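To be precise, the following lines are input24.pdb, and they hold PDB, C-alpha atoms.
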MODEL        1
ATOM      1  CA  HIS A  28      12.473  -3.354  -6.285
ATOM      2  CA  GLU A  29      16.118  -2.590  -6.655
ATOM      3  CA  LYS A  30      16.253   0.745  -4.860
ATOM      4  CA  LYS A  31      19.751   1.930  -4.060
ATOM      5  CA  LEU A  32      20.326   3.451  -0.657
ATOM      6  CA  SER A  33      21.536   7.016  -0.607
ATOM      7  CA  SER A  34      25.003   7.698   0.739
ATOM      8  CA  ALA A  35      23.411   9.533   3.689
ATOM      9  CA  THR A  36      21.416   6.399   4.590
ATOM     10  CA  ILE A  37      24.552   4.262   4.286
ATOM     11  CA  ARG A  38      26.471   6.691   6.532
ATOM     12  CA  ASN A  39      23.667   6.513   9.133
ATOM     13  CA  LEU A  40      23.649   2.706   9.064
ATOM     14  CA  LYS A  41      27.449   2.677   9.343
ATOM     15  CA  ALA A  42      27.230   4.984  12.370
ATOM     16  CA  TYR A  43      24.771   2.618  14.095
ATOM     17  CA  LEU A  44      26.950  -0.393  13.353
ATOM     18  CA  SER A  45      30.078   1.417  14.523
ATOM     19  CA  SER A  46      28.326   2.407  17.756
ATOM     20  CA  ILE A  47      27.336  -1.195  18.436
ATOM     21  CA  LEU A  48      30.847  -2.428  17.696
ATOM     22  CA  SER A  49      32.359   0.294  19.936
ATOM     23  CA  ASP A  50      30.193  -1.014  22.782
ATOM     24  CA  ALA A  51      31.499  -4.509  22.036
ATOM     25  CA  VAL A  52      35.089  -3.166  22.278
ATOM     26  CA  ASP A  53      34.227  -1.471  25.606
ATOM     27  CA  ASP A  54      32.785  -4.762  26.875
ATOM     28  CA  GLU A  55      35.980  -6.532  25.709
ATOM     29  CA  LEU A  56      34.047  -8.828  23.372
ATOM     30  CA  ILE A  57      36.218  -7.752  20.416
ATOM     31  CA  SER A  58      39.588  -6.007  20.356
ATOM     32  CA  ILE A  59      38.972  -3.388  17.639
ATOM     33  CA  ASN A  60      36.010  -1.789  15.914
ATOM     34  CA  PRO A  61      36.257  -2.793  12.224
ATOM     35  CA  ALA A  62      33.670  -0.161  11.214
ATOM     36  CA  LEU A  63      35.550   2.738  12.771
ATOM     37  CA  ARG A  64      37.410   4.043   9.722
ATOM     38  CA  THR A  65      35.169   2.960   6.854
ATOM     39  CA  GLY A  66      33.578   6.370   6.251
ATOM     40  CA  LYS A  67      36.046   7.252   3.498
ATOM     41  CA  LEU A  68      34.787   4.250   1.492
ATOM     42  CA  ILE A  69      31.281   5.717   1.244
ATOM     43  CA  LYS A  70      30.899   7.904  -1.834
ATOM     44  CA  LYS A  71      29.466  11.316  -1.191
ATOM     45  CA  GLU A  72      26.602  12.305  -3.439
ATOM     46  CA  ASP A  73      26.329  15.726  -4.924
ATOM     47  CA  GLN A  74      23.760  17.299  -2.603
ATOM     48  CA  THR A  75      22.865  20.033  -5.062
ATOM     49  CA  LYS A  76      19.804  19.113  -7.034
ATOM     50  CA  ASP A  77      18.458  21.128  -9.874
ATOM     51  CA  ILE A  78      15.257  22.738  -8.706
ATOM     52  CA  ASN A  79      13.046  23.729 -11.560
ATOM     53  CA  PRO A  80      10.011  25.539 -10.132
ATOM     54  CA  LEU A  81       7.056  26.471 -12.258
ATOM     55  CA  THR A  82       7.101  29.896 -13.867
ATOM     56  CA  TRP A  83       4.159  32.206 -13.133
ATOM     57  CA  GLU A  84       2.694  31.373 -16.533
ATOM     58  CA  GLU A  85       3.077  27.617 -15.948
ATOM     59  CA  LYS A  86       1.508  27.943 -12.505
ATOM     60  CA  ALA A  87      -1.455  29.821 -13.978
ATOM     61  CA  THR A  88      -1.874  27.179 -16.701
ATOM     62  CA  PHE A  89      -1.604  24.410 -14.095
ATOM     63  CA  GLU A  90      -4.296  26.020 -11.906
ATOM     64  CA  LYS A  91      -6.574  26.650 -14.896
ATOM     65  CA  THR A  92      -6.243  23.002 -15.979
ATOM     66  CA  LEU A  93      -6.982  21.866 -12.431
ATOM     67  CA  LYS A  94     -10.161  23.938 -12.229
ATOM     68  CA  GLN A  95     -11.404  22.848 -15.647
ATOM     69  CA  ASP A  96     -10.485  19.174 -15.798
ATOM     70  CA  PHE A  97      -9.460  17.999 -12.320
ATOM     71  CA  SER A  98     -11.645  20.088 -10.002
ATOM     72  CA  ARG A  99     -11.717  17.353  -7.357
ATOM     73  CA  TRP A 100      -7.973  17.859  -6.836
ATOM     74  CA  TYR A 101      -7.954  21.656  -7.059
ATOM     75  CA  PRO A 102      -7.997  22.228  -3.237
ATOM     76  CA  PHE A 103      -5.148  19.735  -2.759
ATOM     77  CA  PHE A 104      -2.828  21.229  -5.356
ATOM     78  CA  LEU A 105      -3.737  24.819  -4.484
ATOM     79  CA  THR A 106      -2.741  24.027  -0.888
ATOM     80  CA  ALA A 107       0.544  22.602  -2.170
ATOM     81  CA  LEU A 108       1.220  25.628  -4.366
ATOM     82  CA  ARG A 109       0.298  28.241  -1.761
ATOM     83  CA  THR A 110       1.941  26.686   1.300
ATOM     84  CA  GLY A 111       4.928  24.731   0.003
ATOM     85  CA  MET A 112       3.924  21.769   2.164
ATOM     86  CA  ARG A 113       5.468  18.398   1.376
ATOM     87  CA  LEU A 114       3.385  15.620  -0.163
ATOM     88  CA  GLY A 115       3.326  13.535   3.029
ATOM     89  CA  GLU A 116       2.222  16.572   5.045
ATOM     90  CA  LEU A 117      -0.601  17.322   2.605
ATOM     91  CA  ILE A 118      -1.777  13.714   2.679
ATOM     92  CA  ALA A 119      -1.829  13.677   6.491
ATOM     93  CA  LEU A 120      -3.781  16.928   6.917
ATOM     94  CA  GLN A 121      -7.008  16.743   8.884
ATOM     95  CA  PRO A 122      -9.797  19.353   8.923
ATOM     96  CA  GLY A 123      -8.923  20.308  12.503
ATOM     97  CA  ASP A 124      -5.465  21.421  11.368
ATOM     98  CA  ILE A 125      -6.977  24.468   9.651
ATOM     99  CA  ASP A 126      -7.477  27.691  11.603
ATOM    100  CA  PHE A 127      -9.627  29.959   9.456
ATOM    101  CA  ASN A 128      -9.724  32.685  12.125
ATOM    102  CA  GLY A 129      -5.944  32.765  12.427
ATOM    103  CA  GLY A 130      -5.418  32.245   8.712
ATOM    104  CA  PHE A 131      -3.017  29.331   8.995
ATOM    105  CA  ILE A 132      -2.665  25.568   8.708
ATOM    106  CA  GLU A 133      -0.919  23.695  11.477
ATOM    107  CA  VAL A 134       1.385  20.993  10.089
ATOM    108  CA  LYS A 135       1.332  18.319  12.807
ATOM    109  CA  ARG A 136       2.021  15.081  10.969
ATOM    110  CA  SER A 137       3.292  13.558   7.793
ATOM    111  CA  PHE A 138       2.719  10.267   6.024
ATOM    112  CA  ALA A 139       5.903   8.628   4.806
ATOM    113  CA  ARG A 140       6.940   5.059   4.051
ATOM    114  CA  GLY A 141       3.548   3.673   5.002
ATOM    115  CA  ARG A 142       3.236   5.290   8.411
ATOM    116  CA  LEU A 143       2.193   8.489  10.118
ATOM    117  CA  THR A 144       5.069  10.404  11.594
ATOM    118  CA  THR A 145       6.065  13.927  12.571
ATOM    119  CA  PRO A 146       6.902  16.490   9.882
ATOM    120  CA  LYS A 147      10.418  16.194   8.433
ATOM    121  CA  SER A 148      11.769  18.821  10.839
ATOM    122  CA  GLY A 149      10.307  16.878  13.772
ATOM    123  CA  LYS A 150       8.450  19.992  14.871
ATOM    124  CA  ILE A 151       4.881  21.183  14.450
ATOM    125  CA  ARG A 152       4.772  24.364  12.382
ATOM    126  CA  ARG A 153       2.234  26.820  11.030
ATOM    127  CA  VAL A 154       1.929  27.856   7.415
ATOM    128  CA  ASP A 155      -0.057  30.901   6.364
ATOM    129  CA  MET A 156      -3.096  30.638   4.117
ATOM    130  CA  SER A 157      -3.917  33.160   1.430
ATOM    131  CA  LYS A 158      -7.497  34.410   1.342
ATOM    132  CA  GLU A 159      -8.090  32.440  -1.863
ATOM    133  CA  LEU A 160      -6.774  29.241  -0.271
ATOM    134  CA  ALA A 161      -8.924  29.758   2.846
ATOM    135  CA  GLU A 162     -12.046  30.241   0.692
ATOM    136  CA  THR A 163     -11.184  27.197  -1.423
ATOM    137  CA  LEU A 164     -10.714  25.044   1.687
ATOM    138  CA  LYS A 165     -14.004  26.282   3.192
ATOM    139  CA  LYS A 166     -15.786  25.219  -0.011
ATOM    140  CA  HIS A 167     -13.890  21.937   0.048
ATOM    141  CA  LEU A 168     -15.139  21.192   3.571
ATOM    142  CA  VAL A 169     -18.735  21.855   2.453
ATOM    143  CA  GLU A 170     -18.283  19.560  -0.568
ATOM    144  CA  ARG A 171     -16.749  16.952   1.746
ATOM    145  CA  LYS A 172     -19.902  16.956   3.895
ATOM    146  CA  LYS A 173     -22.119  16.688   0.804
ATOM    147  CA  GLU A 174     -20.061  13.775  -0.523
ATOM    148  CA  THR A 175     -20.245  12.013   2.854
ATOM    149  CA  LEU A 176     -24.050  12.209   2.773
ATOM    150  CA  LYS A 177     -24.279  11.300  -0.921
ATOM    151  CA  LYS A 178     -22.085   8.216  -0.528
ATOM    152  CA  GLY A 179     -23.774   7.138   2.695
ATOM    153  CA  TRP A 180     -20.635   7.180   4.798
ATOM    154  CA  LYS A 181     -21.311   7.143   8.547
ATOM    155  CA  LYS A 182     -18.866   9.989   9.088
ATOM    156  CA  PRO A 183     -16.643  12.202   6.933
ATOM    157  CA  PRO A 184     -13.174  10.896   6.088
ATOM    158  CA  GLU A 185     -10.513  11.487   8.718
ATOM    159  CA  TRP A 186      -8.281  13.245   6.193
ATOM    160  CA  LEU A 187      -8.799  16.669   4.650
ATOM    161  CA  PHE A 188      -7.909  15.275   1.217
ATOM    162  CA  TYR A 189      -8.972  11.717   0.542
ATOM    163  CA  SER A 190      -9.424   9.148  -2.189
ATOM    164  CA  PRO A 191     -12.810   8.782  -3.951
ATOM    165  CA  GLU A 192     -13.453   5.861  -1.582
ATOM    166  CA  GLY A 193     -12.854   8.041   1.487
ATOM    167  CA  HIS A 194      -9.406   6.665   2.360
ATOM    168  CA  MET A 195      -6.045   8.342   2.793
ATOM    169  CA  VAL A 196      -4.543   9.443  -0.524
ATOM    170  CA  ASP A 197      -1.805   7.193  -1.892
ATOM    171  CA  GLY A 198       1.077   9.529  -2.761
ATOM    172  CA  ASP A 199       2.563   7.298  -5.467
ATOM    173  CA  ASN A 200      -0.839   6.839  -7.078
ATOM    174  CA  LEU A 201      -1.483  10.583  -6.903
ATOM    175  CA  ARG A 202       1.853  11.348  -8.582
ATOM    176  CA  SER A 203       1.479   8.823 -11.389
ATOM    177  CA  ARG A 204      -2.256   8.961 -12.061
ATOM    178  CA  VAL A 205      -3.327  12.485 -11.188
ATOM    179  CA  PHE A 206      -0.331  14.828 -11.217
ATOM    180  CA  ALA A 207       1.147  13.323 -14.401
ATOM    181  CA  LYS A 208      -2.226  13.637 -16.167
ATOM    182  CA  ILE A 209      -2.603  17.260 -15.073
ATOM    183  CA  LEU A 210       0.858  18.101 -16.397
ATOM    184  CA  GLU A 211       0.146  16.263 -19.644
ATOM    185  CA  LYS A 212      -3.189  18.036 -20.123
ATOM    186  CA  ALA A 213      -1.654  21.434 -19.249
ATOM    187  CA  LYS A 214       1.238  20.724 -21.651
TER     188      LYS A 214
ENDMDL
END
Translate this structure into structure tokens?
Amino acid sequence: HEKKLSSATIRNLKAYLSSILSDAVDDELISINPALRTGKLIKKEDQTKDINPLTWEEKATFEKTLKQDFSRWYPFFLTALRTGMRLGELIALQPGDIDFNGGFIEVKRSFARGRLTTPKSGKIRRVDMSKELAETLKKHLVERKKETLKKGWKKPPEWLFYSPEGHMVDGDNLRSRVFAKILEKAK
């Protein structure tokens, strides 16, 4: 794939290279650091992105379509809508991250670029659950147990939300095959 690196990634790589070359100057292996003044050559991207959130009507239509035609994914997308969690954080949720008594979800990990990592901020955080979300997730956990028994799995999947085979959800697959179909169906 021909993915272009963002200017922020290029600046970070340049900083690492410059640091290494500065150490080489300090060790008298080279006389000057050729990467020292190259920052002005890196184009800055416009950091403002158009954010186009769903209107209340669109959100209601989206939820209705989920319940009617994609009920398996309703708990996942309701969690996304009600908490604002990132895709990688949703994918990496485990049942133990939910505190029904406290009414929150603890965001401890994220799945990005093929590996488990900390959330983007690097810190564990708590997000509040609405009563409707808490009830939906309680039902989801019951359905999860039923599905485990029905499919003959030795134990429930590790992840709160999982593929039909019991594995971690593939974010790209979810976006292209599920989310796109929901949006199409909801018009």
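One finds CA of Gly141 in chain A at 28.3 Å from CA of Ser45 in chain A.
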Residue IDs satisfying the PyMOL selection byres ((chain A and resi 193) around 10), as an MDAnalysis selection string: chainID A and resid 171 174:175 178 180 182:186 188:192 194:196
Work out how far apart CA of Thr92 in chain A and CA of Glu162 in chain A are and give it in Å to one decimal. 19.1 Å
Near-Phe127 in chain A list (12 Å; all atoms listed in the file; drop same-chain fewer than 6 positions) as a ChimeraX atom specification: /A:133,154-165,168
List, as an NGL selection string, every residue that the PyMOL selection byres ((chain A and resi 121) around 6) selects in the file provided. :A and (120 or 122-124 or 186-187)
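The interatomic distance for the pair CA of Ala139 in chain A and CA of Gly115 in chain A works out to 5.8 Å.
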Excluding same-chain residues fewer than 2 positions from Arg113 in chain A, what lies within 12 Å of it counting all atoms listed in the file, as a PyMOL selection string? chain A and resi 103-104+106-111+115-120+134+136-139+146-148+154+198
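Among A:His167, A:Lys86, A:Arg140, A:Lys172, the residue with the shortest atom-to-atom distance to Asp199 in chain A, counting all atoms listed in the file, is A:Arg140.
Residues in contact with Leu93 in chain A at up to 12 Å, not including ones fewer than 4 positions away on its chain and judged by all atoms listed in the file, are Lys86, Ala87, Thr88, Phe89, Phe97, Ser98, Arg99, Trp100, Tyr101, Pro102, Phe103, Phe104, Leu105, Val205, Phe206, Ala207, Lys208, Ile209, Leu210, Glu211, Lys212 and Ala213 of chain A.
Distances from A:Gly129, A:Met112, A:Leu40, A:Asp50 to Arg152 in chain A were compared using only C-alpha atoms, and the smallest one belongs to A:Met112.
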